[in-house]
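What follows is the content of run_0.cif, which has mmCIF, C-alpha atoms:
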data_run
#
loop_
_atom_site.label_atom_id
_atom_site.label_comp_id
_atom_site.auth_asym_id
_atom_site.auth_seq_id
_atom_site.Cartn_x
_atom_site.Cartn_y
_atom_site.Cartn_z
CA MET C 298 0.00 0.00 0.00
CA GLU C 299 2.86 2.36 0.89
CA LYS C 300 4.32 1.98 -2.62
CA GLN C 301 1.08 3.32 -4.07
CA ILE C 302 1.43 6.57 -2.10
CA ASN C 303 2.94 9.28 -4.28
CA LYS C 304 4.36 11.53 -1.55
CA LYS C 305 5.85 13.96 -4.07
CA ALA C 306 2.53 14.57 -5.83
CA LEU C 307 0.66 14.84 -2.52
CA PHE C 308 3.16 17.34 -1.15
CA LEU C 309 3.15 19.35 -4.39
CA GLY C 310 -0.65 19.37 -4.39
CA SER C 311 -0.60 20.59 -0.79
CA CYS C 312 1.73 23.43 -1.77
CA PHE C 313 -0.57 24.61 -4.57
CA ALA C 314 -3.53 24.35 -2.21
CA ILE C 315 -1.86 26.64 0.31
CA ILE C 316 -0.83 28.97 -2.54
CA THR C 317 -4.56 29.28 -3.27
CA THR C 318 -5.07 30.28 0.36
CA ALA C 319 -2.20 32.76 0.12
CA PHE C 320 -3.49 34.33 -3.12
CA SER C 321 -6.92 34.77 -1.55
CA PHE C 322 -5.22 36.53 1.39
CA SER C 323 -2.86 38.86 -0.50
CA ILE C 324 -5.12 39.74 -3.42
CA ARG C 325 -7.99 40.49 -1.04
CA ALA C 326 -5.64 42.69 0.99
CA GLY C 327 -4.68 44.49 -2.23
CA ILE C 328 -8.26 45.12 -3.38
CA LEU C 329 -9.65 45.92 0.11
CA PRO C 330 -9.46 49.74 -0.34
CA THR C 331 -11.13 49.40 -3.76
CA LEU C 332 -13.98 47.33 -2.29
CA GLY C 333 -14.42 49.91 0.46
CA ASP C 334 -14.71 52.74 -2.08
CA LYS C 335 -16.91 50.81 -4.54
CA PHE C 336 -19.47 49.65 -2.00
CA GLY C 337 -19.15 52.57 0.47
CA LEU C 338 -17.97 50.40 3.38
CA THR C 339 -16.52 51.53 6.72
CA ALA C 340 -13.32 50.07 8.14
CA GLU C 341 -15.42 48.10 10.63
CA GLN C 342 -17.50 46.61 7.80
CA LEU C 343 -14.31 45.70 5.93
CA GLY C 344 -13.18 44.11 9.19
CA PHE C 345 -16.29 41.92 9.28
CA ILE C 346 -15.64 40.90 5.64
CA ASN C 347 -12.07 40.02 6.59
CA SER C 348 -13.36 38.07 9.57
CA MET C 349 -15.39 35.78 7.28
CA TRP C 350 -12.13 34.63 5.65
CA PHE C 351 -10.78 33.72 9.07
CA LEU C 352 -14.10 32.40 10.45
CA GLY C 353 -14.65 29.88 7.62
CA PHE C 354 -11.16 28.55 8.32
CA PRO C 355 -11.71 27.16 11.87
CA ILE C 356 -15.20 25.87 11.06
CA SER C 357 -13.95 23.63 8.25
CA MET C 358 -10.74 22.76 10.10
CA VAL C 359 -12.62 21.42 13.11
CA ILE C 360 -15.12 19.53 10.94
CA GLY C 361 -12.26 18.22 8.79
CA GLY C 362 -10.34 17.06 11.85
CA LEU C 363 -13.37 15.20 13.17
CA VAL C 364 -14.03 13.37 9.88
CA TYR C 365 -10.43 13.06 8.62
CA HIS C 366 -10.31 9.26 9.09
CA SER C 367 -13.96 8.54 8.16
CA PHE C 368 -14.72 10.96 5.33
CA GLY C 369 -11.09 10.95 4.19
CA PRO C 370 -8.57 13.65 3.22
CA ALA C 371 -9.22 13.18 -0.52
CA ASN C 372 -12.90 14.05 -0.04
CA ILE C 373 -11.97 16.98 2.21
CA MET C 374 -9.86 18.37 -0.64
CA ARG C 375 -12.79 17.94 -3.04
CA VAL C 376 -14.88 20.07 -0.69
CA ALA C 377 -12.02 22.60 -0.62
CA PHE C 378 -12.06 22.85 -4.42
CA VAL C 379 -15.83 23.43 -4.54
CA SER C 380 -15.68 26.01 -1.73
CA HIS C 381 -12.79 27.91 -3.31
CA THR C 382 -14.50 27.99 -6.70
CA LEU C 383 -17.82 29.20 -5.26
CA GLY C 384 -16.10 31.82 -3.12
CA ILE C 385 -14.09 33.25 -6.01
CA ILE C 386 -17.07 33.43 -8.39
CA LEU C 387 -19.43 34.89 -5.77
CA THR C 388 -16.85 37.55 -4.88
CA ILE C 389 -16.44 38.56 -8.52
CA TYR C 390 -20.19 38.97 -8.96
CA ALA C 391 -20.83 40.44 -5.49
CA GLY C 392 -23.46 43.14 -5.27
CA GLY C 393 -22.58 44.61 -1.89
CA TYR C 394 -21.73 44.03 1.75
CA SER C 395 -23.87 40.92 2.37
CA SER C 396 -22.71 39.05 -0.73
CA LEU C 397 -19.08 39.86 0.09
CA LEU C 398 -19.57 38.39 3.55
CA LEU C 399 -20.93 35.14 2.06
CA SER C 400 -18.35 34.79 -0.69
CA THR C 401 -15.46 35.43 1.70
CA LEU C 402 -16.88 32.81 4.08
CA PHE C 403 -16.79 30.22 1.27
CA ILE C 404 -13.15 31.05 0.52
CA GLY C 405 -12.27 30.76 4.20
CA PHE C 406 -14.07 27.40 4.41
CA GLY C 407 -12.03 26.08 1.48
CA ASN C 408 -8.82 27.32 3.08
CA GLY C 409 -9.63 25.50 6.31
CA CYS C 410 -10.30 22.26 4.41
CA THR C 411 -6.82 22.57 2.92
CA GLU C 412 -5.20 22.79 6.35
CA ALA C 413 -7.42 20.03 7.78
CA ALA C 414 -6.33 17.60 5.06
CA CYS C 415 -2.71 18.60 4.41
CA ASN C 416 -1.27 19.12 7.91
CA PRO C 417 -2.01 15.55 9.13
CA MET C 418 -1.08 14.15 5.72
CA ILE C 419 2.42 15.64 6.02
CA ALA C 420 2.68 14.56 9.68
CA ASP C 421 1.76 11.00 8.61
CA ALA C 422 3.99 10.93 5.52
CA TYR C 423 7.20 11.98 7.32
CA GLU C 424 8.76 11.57 10.78
CA GLY C 425 11.05 13.45 13.18
CA LYS C 426 13.26 16.20 11.78
CA LYS C 427 12.09 15.37 8.26
CA MET C 428 8.51 16.09 9.34
CA ASN C 429 9.52 19.45 10.85
CA LYS C 430 11.40 20.31 7.67
CA MET C 431 8.54 19.37 5.33
CA MET C 432 5.93 21.05 7.55
CA ASN C 433 7.90 24.31 7.33
CA ARG C 434 8.38 23.90 3.57
CA PHE C 435 4.65 23.31 3.14
CA HIS C 436 3.83 26.42 5.17
CA MET C 437 6.59 28.27 3.31
CA TRP C 438 4.15 28.59 0.44
CA PHE C 439 1.69 30.63 2.49
CA PRO C 440 4.05 33.62 2.77
CA GLY C 441 5.57 32.64 -0.57
CA GLY C 442 2.14 32.74 -2.19
CA ILE C 443 1.34 36.04 -0.47
CA PHE C 444 4.64 37.43 -1.81
CA LEU C 445 3.73 36.43 -5.37
CA GLY C 446 0.09 37.47 -4.98
CA SER C 447 0.91 40.90 -3.54
CA LEU C 448 3.34 41.67 -6.36
CA ILE C 449 0.85 40.46 -8.96
CA SER C 450 -1.92 42.51 -7.32
CA LYS C 451 0.25 45.63 -7.30
CA PHE C 452 1.25 45.08 -10.95
CA MET C 453 -2.34 44.53 -12.06
CA THR C 454 -3.60 47.55 -10.09
CA ASP C 455 -0.85 49.82 -11.45
CA PHE C 456 -1.67 48.77 -15.01
CA GLY C 457 -5.38 49.30 -14.63
CA PHE C 458 -6.62 45.71 -14.27
CA THR C 459 -9.94 45.41 -12.46
CA TRP C 460 -10.25 43.87 -9.00
CA GLN C 461 -12.46 41.17 -10.58
CA SER C 462 -9.63 40.08 -12.90
CA GLN C 463 -7.36 39.79 -9.87
CA MET C 464 -9.85 37.45 -8.20
CA TRP C 465 -9.98 35.24 -11.32
CA LEU C 466 -6.23 34.71 -10.90
CA ILE C 467 -6.87 32.67 -7.73
CA MET C 468 -8.51 29.95 -9.85
CA ILE C 469 -5.14 28.97 -11.40
CA PRO C 470 -3.59 27.28 -8.30
CA THR C 471 -7.07 25.99 -7.37
CA ILE C 472 -7.31 23.99 -10.60
CA ILE C 473 -3.69 22.79 -10.30
CA TYR C 474 -4.12 21.31 -6.81
CA ALA C 475 -7.35 19.59 -7.88
CA ILE C 476 -5.46 17.87 -10.71
CA LEU C 477 -2.52 16.85 -8.48
CA PHE C 478 -4.76 15.32 -5.79
CA TYR C 479 -7.04 13.51 -8.23
CA GLY C 480 -7.00 9.74 -7.61
CA LYS C 481 -4.17 9.81 -5.04
CA THR C 482 -3.93 7.61 -1.92
CA PHE C 483 -3.11 9.38 1.35
CA PRO C 484 -0.74 7.89 3.99
CA LYS C 485 -1.98 6.21 7.17
CA PRO C 486 -1.20 7.63 10.65
CA HIS C 487 1.93 6.48 12.52
CA GLN C 488 -0.03 5.64 15.68
CA GLU C 489 -3.30 3.77 15.33
CA GLU C 490 -4.51 5.30 18.62
CA SER C 491 -4.47 8.75 17.01
CA THR C 492 -7.43 7.72 14.83
CA SER C 493 -9.67 7.51 17.92
CA ILE C 494 -11.67 10.68 18.55
CA ALA C 495 -11.97 9.75 22.25
CA GLN C 496 -8.17 9.43 22.48
CA ASN C 497 -7.74 12.71 20.61
CA LEU C 498 -10.02 14.52 23.05
CA ARG C 499 -8.23 13.06 26.10
CA ALA C 500 -4.87 14.16 24.67
CA MET C 501 -6.21 17.66 23.99
CA LEU C 502 -7.07 18.04 27.69
CA SER C 503 -3.39 17.77 28.60
CA PRO C 504 -1.74 20.93 30.02
CA THR C 505 0.72 21.10 27.13
CA PHE C 506 -1.98 21.09 24.46
CA LEU C 507 -4.14 23.62 26.33
CA PHE C 508 -1.12 25.92 26.66
CA LEU C 509 -0.36 25.64 22.93
CA PHE C 510 -4.05 26.24 22.20
CA PHE C 511 -3.99 29.57 24.05
CA CYS C 512 -0.66 30.65 22.58
CA MET C 513 -1.80 29.85 19.04
CA ALA C 514 -4.58 32.43 19.37
CA LEU C 515 -1.98 35.11 20.10
CA THR C 516 0.65 34.02 17.57
CA ALA C 517 -1.94 34.05 14.79
CA ILE C 518 -3.24 37.56 15.44
CA SER C 519 0.35 38.81 15.89
CA GLU C 520 1.07 37.55 12.37
CA PHE C 521 -2.17 38.21 10.50
CA GLY C 522 -3.34 41.42 12.19
CA PRO C 523 -0.68 43.74 10.74
CA GLN C 524 -0.52 41.84 7.42
CA GLN C 525 -4.24 41.86 6.63
CA TRP C 526 -4.56 45.60 7.32
CA VAL C 527 -1.29 46.72 5.72
CA GLY C 528 -3.10 48.30 2.74
CA LEU C 529 -5.13 50.69 4.90
CA ILE C 530 -2.75 51.22 7.81
CA MET C 531 0.49 51.83 5.90
CA SER C 532 -0.90 53.56 2.79
CA ASN C 533 0.23 57.00 4.04
CA SER C 534 3.50 55.99 5.68
CA GLY C 535 5.68 56.93 2.71
CA ALA C 536 6.21 53.26 1.81
CA SER C 537 4.25 51.04 -0.59
CA PRO C 538 1.83 48.80 1.37
CA MET C 539 1.98 45.97 -1.17
CA LEU C 540 5.78 46.14 -1.28
CA ILE C 541 5.80 45.93 2.52
CA LEU C 542 3.59 42.84 2.33
CA ALA C 543 5.77 41.36 -0.41
CA LEU C 544 8.95 42.02 1.60
CA VAL C 545 7.52 40.48 4.79
CA THR C 546 6.16 37.38 3.10
CA GLY C 547 9.16 36.92 0.83
CA LEU C 548 11.48 36.86 3.85
CA MET C 549 9.10 34.53 5.67
CA ALA C 550 9.19 32.11 2.74
CA VAL C 551 12.99 32.08 2.68
CA GLY C 552 13.12 31.64 6.46
CA ARG C 553 10.74 28.69 6.41
CA PHE C 554 12.67 27.03 3.60
CA PHE C 555 15.78 27.05 5.82
CA ALA C 556 13.86 26.30 9.03
CA GLY C 557 15.65 23.01 9.75
CA PRO C 558 19.00 24.45 10.94
CA VAL C 559 17.26 27.22 12.92
CA ILE C 560 15.02 24.79 14.82
CA ASN C 561 17.93 22.40 15.40
CA LYS C 562 19.95 25.28 16.89
CA LEU C 563 17.31 26.97 19.06
CA GLY C 564 14.78 24.17 19.53
CA GLN C 565 11.02 24.63 19.18
CA THR C 566 10.64 26.62 22.41
CA GLY C 567 13.67 28.81 21.68
CA VAL C 568 12.36 29.60 18.21
CA LEU C 569 8.96 30.61 19.62
CA LEU C 570 10.43 32.94 22.26
CA THR C 571 12.85 34.56 19.78
CA SER C 572 9.99 35.03 17.32
CA ALA C 573 7.86 36.82 19.93
CA VAL C 574 10.71 39.24 20.70
CA PHE C 575 11.28 40.14 17.04
CA ALA C 576 7.54 40.42 16.36
CA SER C 577 7.15 42.89 19.24
CA ILE C 578 10.00 45.04 17.97
CA GLY C 579 8.72 44.92 14.40
CA ILE C 580 5.13 45.93 15.21
CA TYR C 581 6.36 48.71 17.52
CA MET C 582 8.58 50.07 14.73
CA PHE C 583 5.59 49.96 12.34
CA SER C 584 3.69 52.14 14.84
CA VAL C 585 6.30 54.93 14.87
CA ALA C 586 8.23 54.70 11.59
CA THR C 587 7.69 56.50 8.29
CA GLY C 588 9.52 56.45 4.97
CA PRO C 589 12.31 53.94 4.27
CA ILE C 590 12.51 52.90 7.95
CA VAL C 591 9.17 51.14 7.45
CA TYR C 592 10.96 48.58 5.26
CA LEU C 593 13.44 47.87 8.08
CA ALA C 594 10.46 47.37 10.41
CA ALA C 595 9.05 44.94 7.84
CA VAL C 596 12.27 42.88 7.90
CA ILE C 597 12.25 42.64 11.71
CA PHE C 598 8.54 41.81 11.75
CA ALA C 599 9.09 39.08 9.13
CA ILE C 600 11.82 37.48 11.24
CA GLY C 601 9.42 37.56 14.18
CA VAL C 602 6.38 35.93 12.61
CA CYS C 603 8.22 33.66 10.18
CA TYR C 604 8.22 30.49 12.29
CA PHE C 605 5.12 31.05 14.45
CA TRP C 606 2.52 28.99 12.57
CA PRO C 607 4.51 25.90 11.41
CA THR C 608 6.40 25.65 14.71
CA MET C 609 3.16 25.74 16.71
CA VAL C 610 1.65 23.03 14.50
CA GLY C 611 4.86 20.99 14.73
CA ALA C 612 4.93 21.40 18.52
CA ALA C 613 1.40 20.01 18.79
CA ALA C 614 2.25 17.08 16.48
CA GLN C 615 5.42 16.15 18.40
CA ARG C 616 4.55 17.04 22.00
CA VAL C 617 0.94 15.79 21.94
CA PRO C 618 0.99 13.14 19.16
CA LEU C 619 -2.18 11.37 20.31
CA SER C 620 -4.19 14.52 19.60
CA GLY C 621 -4.00 13.32 15.99
CA ALA C 622 -5.49 15.04 12.95
CA LEU C 623 -8.19 16.55 15.15
CA GLY C 624 -5.61 18.15 17.42
CA LEU C 625 -3.76 19.72 14.49
CA SER C 626 -7.05 21.03 13.11
CA ILE C 627 -7.99 22.49 16.49
CA ILE C 628 -4.61 24.22 16.83
CA GLY C 629 -4.88 25.74 13.36
CA GLY C 630 -8.56 26.49 13.85
CA VAL C 631 -8.10 28.48 17.05
CA GLY C 632 -5.46 30.58 15.29
CA MET C 633 -7.87 31.51 12.54
CA LEU C 634 -10.81 31.92 14.94
CA SER C 635 -8.78 34.36 17.01
CA THR C 636 -7.88 36.31 13.89
CA SER C 637 -11.53 36.31 12.79
CA ILE C 638 -12.67 37.68 16.15
CA PHE C 639 -10.08 40.46 16.11
CA GLN C 640 -10.68 41.66 12.50
CA PRO C 641 -13.74 43.83 13.24
CA ILE C 642 -12.14 44.87 16.54
CA ILE C 643 -9.08 46.15 14.63
CA GLY C 644 -11.42 47.86 12.17
CA ARG C 645 -13.16 49.53 15.12
CA TRP C 646 -9.78 50.59 16.52
CA ILE C 647 -9.03 52.29 13.20
CA ASP C 648 -12.40 54.07 13.09
CA GLN C 649 -11.97 55.21 16.71
CA ALA C 650 -8.39 56.35 16.08
CA ARG C 651 -9.59 58.38 13.08
CA ALA C 652 -12.24 60.03 15.23
CA ASP C 653 -9.71 60.78 17.98
CA LYS C 654 -7.17 62.30 15.61
CA ALA C 655 -9.83 64.25 13.72
CA ALA C 656 -10.96 65.73 17.06
CA GLU C 657 -7.35 66.81 17.63
CA GLY C 658 -7.45 68.74 14.35
CA PHE C 659 -5.67 66.35 12.00
CA SER C 660 -6.99 65.67 8.50
CA GLY C 661 -6.15 64.07 5.16
CA ASN C 662 -3.13 61.79 4.84
CA GLU C 663 -1.73 62.86 8.20
CA LEU C 664 -4.97 61.77 9.88
CA GLU C 665 -4.85 58.35 8.19
CA LEU C 666 -1.19 57.83 9.10
CA LEU C 667 -1.64 58.73 12.78
CA ALA C 668 -4.78 56.59 13.05
CA GLY C 669 -2.95 53.60 11.56
CA GLN C 670 0.03 54.05 13.85
CA GLN C 671 -2.21 54.30 16.92
CA THR C 672 -3.88 51.04 15.89
CA LEU C 673 -0.52 49.29 15.46
CA SER C 674 0.59 50.45 18.91
CA GLN C 675 -2.42 48.54 20.29
CA MET C 676 -1.50 45.40 18.33
CA VAL C 677 1.96 45.17 19.91
CA VAL C 678 0.40 43.85 23.13
CA PHE C 679 -0.15 40.42 21.52
CA PRO C 680 3.52 39.45 21.01
CA LEU C 681 4.49 41.11 24.32
CA ILE C 682 2.20 38.66 26.12
CA LEU C 683 3.79 35.82 24.14
CA ILE C 684 7.28 36.77 25.37
CA VAL C 685 6.11 36.04 28.90
CA LEU C 686 4.24 32.85 27.94
CA PHE C 687 7.05 31.32 25.90
CA THR C 688 9.58 32.10 28.64
CA VAL C 689 7.37 30.12 31.01
CA PHE C 690 7.05 27.37 28.38
CA ILE C 691 10.83 26.99 28.05
CA ILE C 692 11.25 26.57 31.81
CA TRP C 693 8.26 24.21 31.99
CA GLN C 694 9.42 21.98 29.13
CA ARG C 695 12.97 21.79 30.48
CA LYS C 696 11.63 20.58 33.83
CA LYS C 697 9.52 17.97 32.04
CA LYS C 698 12.61 16.66 30.23
CA ILE C 699 14.55 16.44 33.50
CA VAL C 700 11.72 14.48 35.15
CA PHE C 701 11.46 12.22 32.12
CA ARG C 702 15.19 11.44 32.16
CA GLU C 703 15.05 10.66 35.89
CA GLU C 704 12.13 8.29 35.36
CA VAL C 705 13.95 6.53 32.53
CA ALA C 706 17.11 6.20 34.64
CA THR C 707 15.20 4.69 37.56
CA PRO C 708 15.52 0.86 37.47
#
Please, can you express the file's structure as structure tokens?
Amino acid sequence: MEKQINKKALFLGSCFAIITTAFSFSIRAGILPTLGDKFGLTAEQLGFINSMWFLGFPISMVIGGLVYHSFGPANIMRVAFVSHTLGIILTIYAGGYSSLLLSTLFIGFGNGCTEAACNPMIADAYEGKKMNKMMNRFHMWFPGGIFLGSLISKFMTDFGFTWQSQMWLIMIPTIIYAILFYGKTFPKPHQEESTSIAQNLRAMLSPTFLFLFFCMALTAISEFGPQQWVGLIMSNSGASPMLILALVTGLMAVGRFFAGPVINKLGQTGVLLTSAVFASIGIYMFSVATGPIVYLAAVIFAIGVCYFWPTMVGAAAQRVPLSGALGLSIIGGVGMLSTSIFQPIIGRWIDQARADKAAEGFSGNELELLAGQQTLSQMVVFPLILIVLFTVFIIWQRKKKIVFREEVATP
């Protein structure tokens, strides 16, 4: 049976599936101001539209995790294809706020199906350091796809292409992953116990999993909050918002490609703590910088958020293996749910900051810049909390290893 599993095709299909997710993220970020102008939407309304992308994600991830072994990953990817296609078409022909909410929800649902099927597939196909390496290379294509998508969106916007034509572009990787997955057999899990939902739920009640669950909510919003709003927040900073997004995601893609040596040197916990420190510095610099310095802030921010998502997923897979496909889906799902919840909140922060600065007498581009910077200064609290949590996690995990070694040494 193992010989019939084409790991290369499955991995390549997974990469194109996550590129679809990335294109839907970056191209939507690029056309967000246009949608706001066309349909007369407030920042808070745009935030609710954004939240549908992130809300559909955890819904399908949790469902996918529950049915991964019964419904099957191949069928989950078929659902992903249908959801992506519907979401893209409904967005293109949207008539206003309500239809944009629905179409974005479909896209988010398809994205979550991708994660629900591909994360456990990679965890089952590879082991140990190889699994960590391939997990990072799979997730490399999220920032990598955002990098490509943001540059394409900027190019198409600069040359007068419509926002609808940009949305059609997302169908290209969607069709490619459907072809690559067609008729393929997925690998079986390493531990048979991980296929039991009861065992998964027991494992997810462990202190380690619950800690990772809480931290994932903060790592996700630390990464996606500034990125999703870069078009509006940084548009008057003296730097190109889409170039900032391209720089951040391009560096993230390179970092994830070379993740193996970094994780081997610092370990999972060391990587997470270091990431939180850099993310805090990067977001703070975004909140005070203008002009070329914004690009330096983007580099530091990219270093910070680069390893958050794949390292958190890898930590759950290695440290709580019996949580299984459901556990990985829950970890990813809570990250996206957190981001969904905070999208309209961030939009409200922007609206409130505009009102505050307008009351102080600011207007025009200066008003927009100061409102965006004030919003970013509020976002920095997320990675600051993570610095404390991951410091505790390092001490906690070291003590667990010492206890484990003592137990093993005891005759």
Next on the checklist: Quick check on the file I pasted: which residues fall under the PyMOL selection byres ((chain C and resi 621-627) around 10)? Write them as a PyMOL selection string.
Outcome noted: chain C and resi 354-366+409-410+412-418+420-421+486-494+496-498+500-501+506+510+513+609-614+617-620+628-634
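Excluding Ala319 in chain C and any residue on its chain fewer than 3 positions from it, the residues at most 6 Å away by all atoms listed in the file are C:Ile316, C:Phe322, C:Phe439, C:Gly442, C:Ile443.
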Next on the checklist: If the PyMOL selection byres ((chain C and resi 378) around 12) were run on this exact file, what residues would it hold? Put them as a PyMOL selection string.
Outcome noted: chain C and resi 310+313-315+317-318+371-377+379-385+403-411+467-479
Checklist outcome for this item: Using only C-alpha atoms, the residue out of C:Phe639, C:Trp693, C:Phe679, C:Phe336 with shortest distance to Trp526 in chain C is C:Phe639
Quick one: which range 587-633 of chain C residues come within 7 Å of range 531-548 of chain C, and what is the nearest atom pair for each with the distance in Å to one decimal, counting all atoms listed in the file, rows ordered by chain and ascending number, as a Markdown table?
| residue | atom | partner | partner_atom | distance |
| --- | --- | --- | --- | --- |
| C:Thr587 | CA | C:Ser534 | CA | 5.0 |
| C:Gly588 | CA | C:Gly535 | CA | 4.5 |
| C:Pro589 | CA | C:Ala536 | CA | 6.6 |
| C:Val591 | CA | C:Ala536 | CA | 6.7 |
| C:Tyr592 | CA | C:Ile541 | CA | 6.4 |
| C:Ala595 | CA | C:Val545 | CA | 5.6 |
| C:Val596 | CA | C:Val545 | CA | 6.2 |
| C:Ala599 | CA | C:Val545 | CA | 4.8 |
Please write as an mmCIF file with C-alpha atoms, keeping the file's coordinate frame the list of polymer residues whose atoms come within 12 Å of (6.8, 13.3, 4.9), counting all atoms listed in the file and keeping to the coordinates of the file.
data_model
loop_
_atom_site.group_PDB
_atom_site.id
_atom_site.type_symbol
_atom_site.label_atom_id
_atom_site.label_comp_id
_atom_site.auth_asym_id
_atom_site.auth_seq_id
_atom_site.Cartn_x
_atom_site.Cartn_y
_atom_site.Cartn_z
ATOM 1 C CA ILE C 302 1.430 6.570 -2.100
ATOM 2 C CA ASN C 303 2.940 9.280 -4.280
ATOM 3 C CA LYS C 304 4.360 11.530 -1.550
ATOM 4 C CA LYS C 305 5.850 13.960 -4.070
ATOM 5 C CA ALA C 306 2.530 14.570 -5.830
ATOM 6 C CA LEU C 307 0.660 14.840 -2.520
ATOM 7 C CA PHE C 308 3.160 17.340 -1.150
ATOM 8 C CA LEU C 309 3.150 19.350 -4.390
ATOM 9 C CA SER C 311 -0.600 20.590 -0.790
ATOM 10 C CA CYS C 415 -2.710 18.600 4.410
ATOM 11 C CA ASN C 416 -1.270 19.120 7.910
ATOM 12 C CA PRO C 417 -2.010 15.550 9.130
ATOM 13 C CA MET C 418 -1.080 14.150 5.720
ATOM 14 C CA ILE C 419 2.420 15.640 6.020
ATOM 15 C CA ALA C 420 2.680 14.560 9.680
ATOM 16 C CA ASP C 421 1.760 11.000 8.610
ATOM 17 C CA ALA C 422 3.990 10.930 5.520
ATOM 18 C CA TYR C 423 7.200 11.980 7.320
ATOM 19 C CA GLU C 424 8.760 11.570 10.780
ATOM 20 C CA GLY C 425 11.050 13.450 13.180
ATOM 21 C CA LYS C 426 13.260 16.200 11.780
ATOM 22 C CA LYS C 427 12.090 15.370 8.260
ATOM 23 C CA MET C 428 8.510 16.090 9.340
ATOM 24 C CA ASN C 429 9.520 19.450 10.850
ATOM 25 C CA LYS C 430 11.400 20.310 7.670
ATOM 26 C CA MET C 431 8.540 19.370 5.330
ATOM 27 C CA MET C 432 5.930 21.050 7.550
ATOM 28 C CA ASN C 433 7.900 24.310 7.330
ATOM 29 C CA ARG C 434 8.380 23.900 3.570
ATOM 30 C CA PHE C 435 4.650 23.310 3.140
ATOM 31 C CA PHE C 483 -3.110 9.380 1.350
ATOM 32 C CA PRO C 484 -0.740 7.890 3.990
ATOM 33 C CA LYS C 485 -1.980 6.210 7.170
ATOM 34 C CA PRO C 486 -1.200 7.630 10.650
ATOM 35 C CA HIS C 487 1.930 6.480 12.520
#
Next on the checklist: Once the PyMOL selection byres ((chain C and resi 687) around 12) is applied to the coordinates I shared, what remains selected? I want it as a PyMOL selection string.
Outcome noted: chain C and resi 508-509+511-513+515-516+565-574+605+609+680-686+688-694
Checklist entry - How would you write as a list of chain:residue names the residues that get within 12 Å of (-7.6, 61.5, 6.5) in the file's frame, counting all atoms listed in the file? => result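 Residues satisfying the cut-off, written out: C:Leu529, C:Ile530, C:Ser532, C:Asn533, C:Ile647, C:Asp648, C:Ala650, C:Arg651, C:Ala652, C:Asp653, C:Lys654, C:Ala655, C:Ala656, C:Gly658, C:Phe659, C:Ser660, C:Gly661, C:Asn662, C:Glu663, C:Leu664, C:Glu665, C:Leu666, C:Leu667, C:Ala668, C:Gly669.
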Checklist entry - So how many Å separate CA of Phe368 in chain C and CA of Pro440 in chain C, to one decimal? => result 29.5 Å
Next on the checklist: With all atoms listed in the file as the counted atoms, please give the residues lying no more than 9 Å from Leu329 in chain C, apart from itself and same-chain residues fewer than 3 positions off, as number ranges by chain.
Outcome noted: C: 324-326, 332-334, 343, 526, 528-529
Next on the checklist: As an exercise, work out the distance from CA of Ile328 in chain C to CA of Ile597 in chain C in Å and give it to one decimal place.
Outcome noted: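 Interatomic distance, CA of Ile328 in chain C to CA of Ile597 in chain C: 25.6 Å.
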Item to check | All residues 7 Å or closer to range 581-583 of chain C, only C-alpha atoms, same chain fewer than 4 positions away omitted, as a list of chain:residue names | outcome: C:Ser577, C:Val591, C:Ala594, C:Leu673, C:Ser674, C:Val677
Next on the checklist: Quick check, in Å to one decimal: how far apart do CA of Leu466 in chain C and CA of Trp438 in chain C lie?
Outcome noted: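 Computing it gives 16.5 Å between the two atoms.
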Checklist entry - Between C:Gly601, C:Gly457, C:Leu507, C:Ile642, which is the closest to Phe575 in chain C once you count all atoms listed in the file? => result C:Gly601
Checklist outcome for this item: Closest of C:Pro641, C:Arg695, C:Gly441, C:Ala514 to Cys312 in chain C, counting all atoms listed in the file, is C:Gly441
Where's the centre, and what are the edge lengths in Å to one decimal, of a box along x, y and z enclosing all listed atoms of range 373-391 of chain C padded 3 Å per side, as JSON?
{"center_x": -15.3, "center_y": 28.7, "center_z": -3.4, "size_x": 17.0, "size_y": 29.5, "size_z": 17.2}
Item to check | Counting all atoms listed in the file, the option among C:Thr331, C:Pro558, C:Gln615, C:Ser395 closest to Gln463 in chain C | outcome: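 Among the listed residues, C:Thr331 lies closest to Gln463 in chain C.
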Next on the checklist: Measuring between all atoms listed in the file, which one of C:Pro607, C:Gly557, C:Tyr394, C:Lys481 shows the shortest distance to Met349 in chain C?
Outcome noted: C:Tyr394
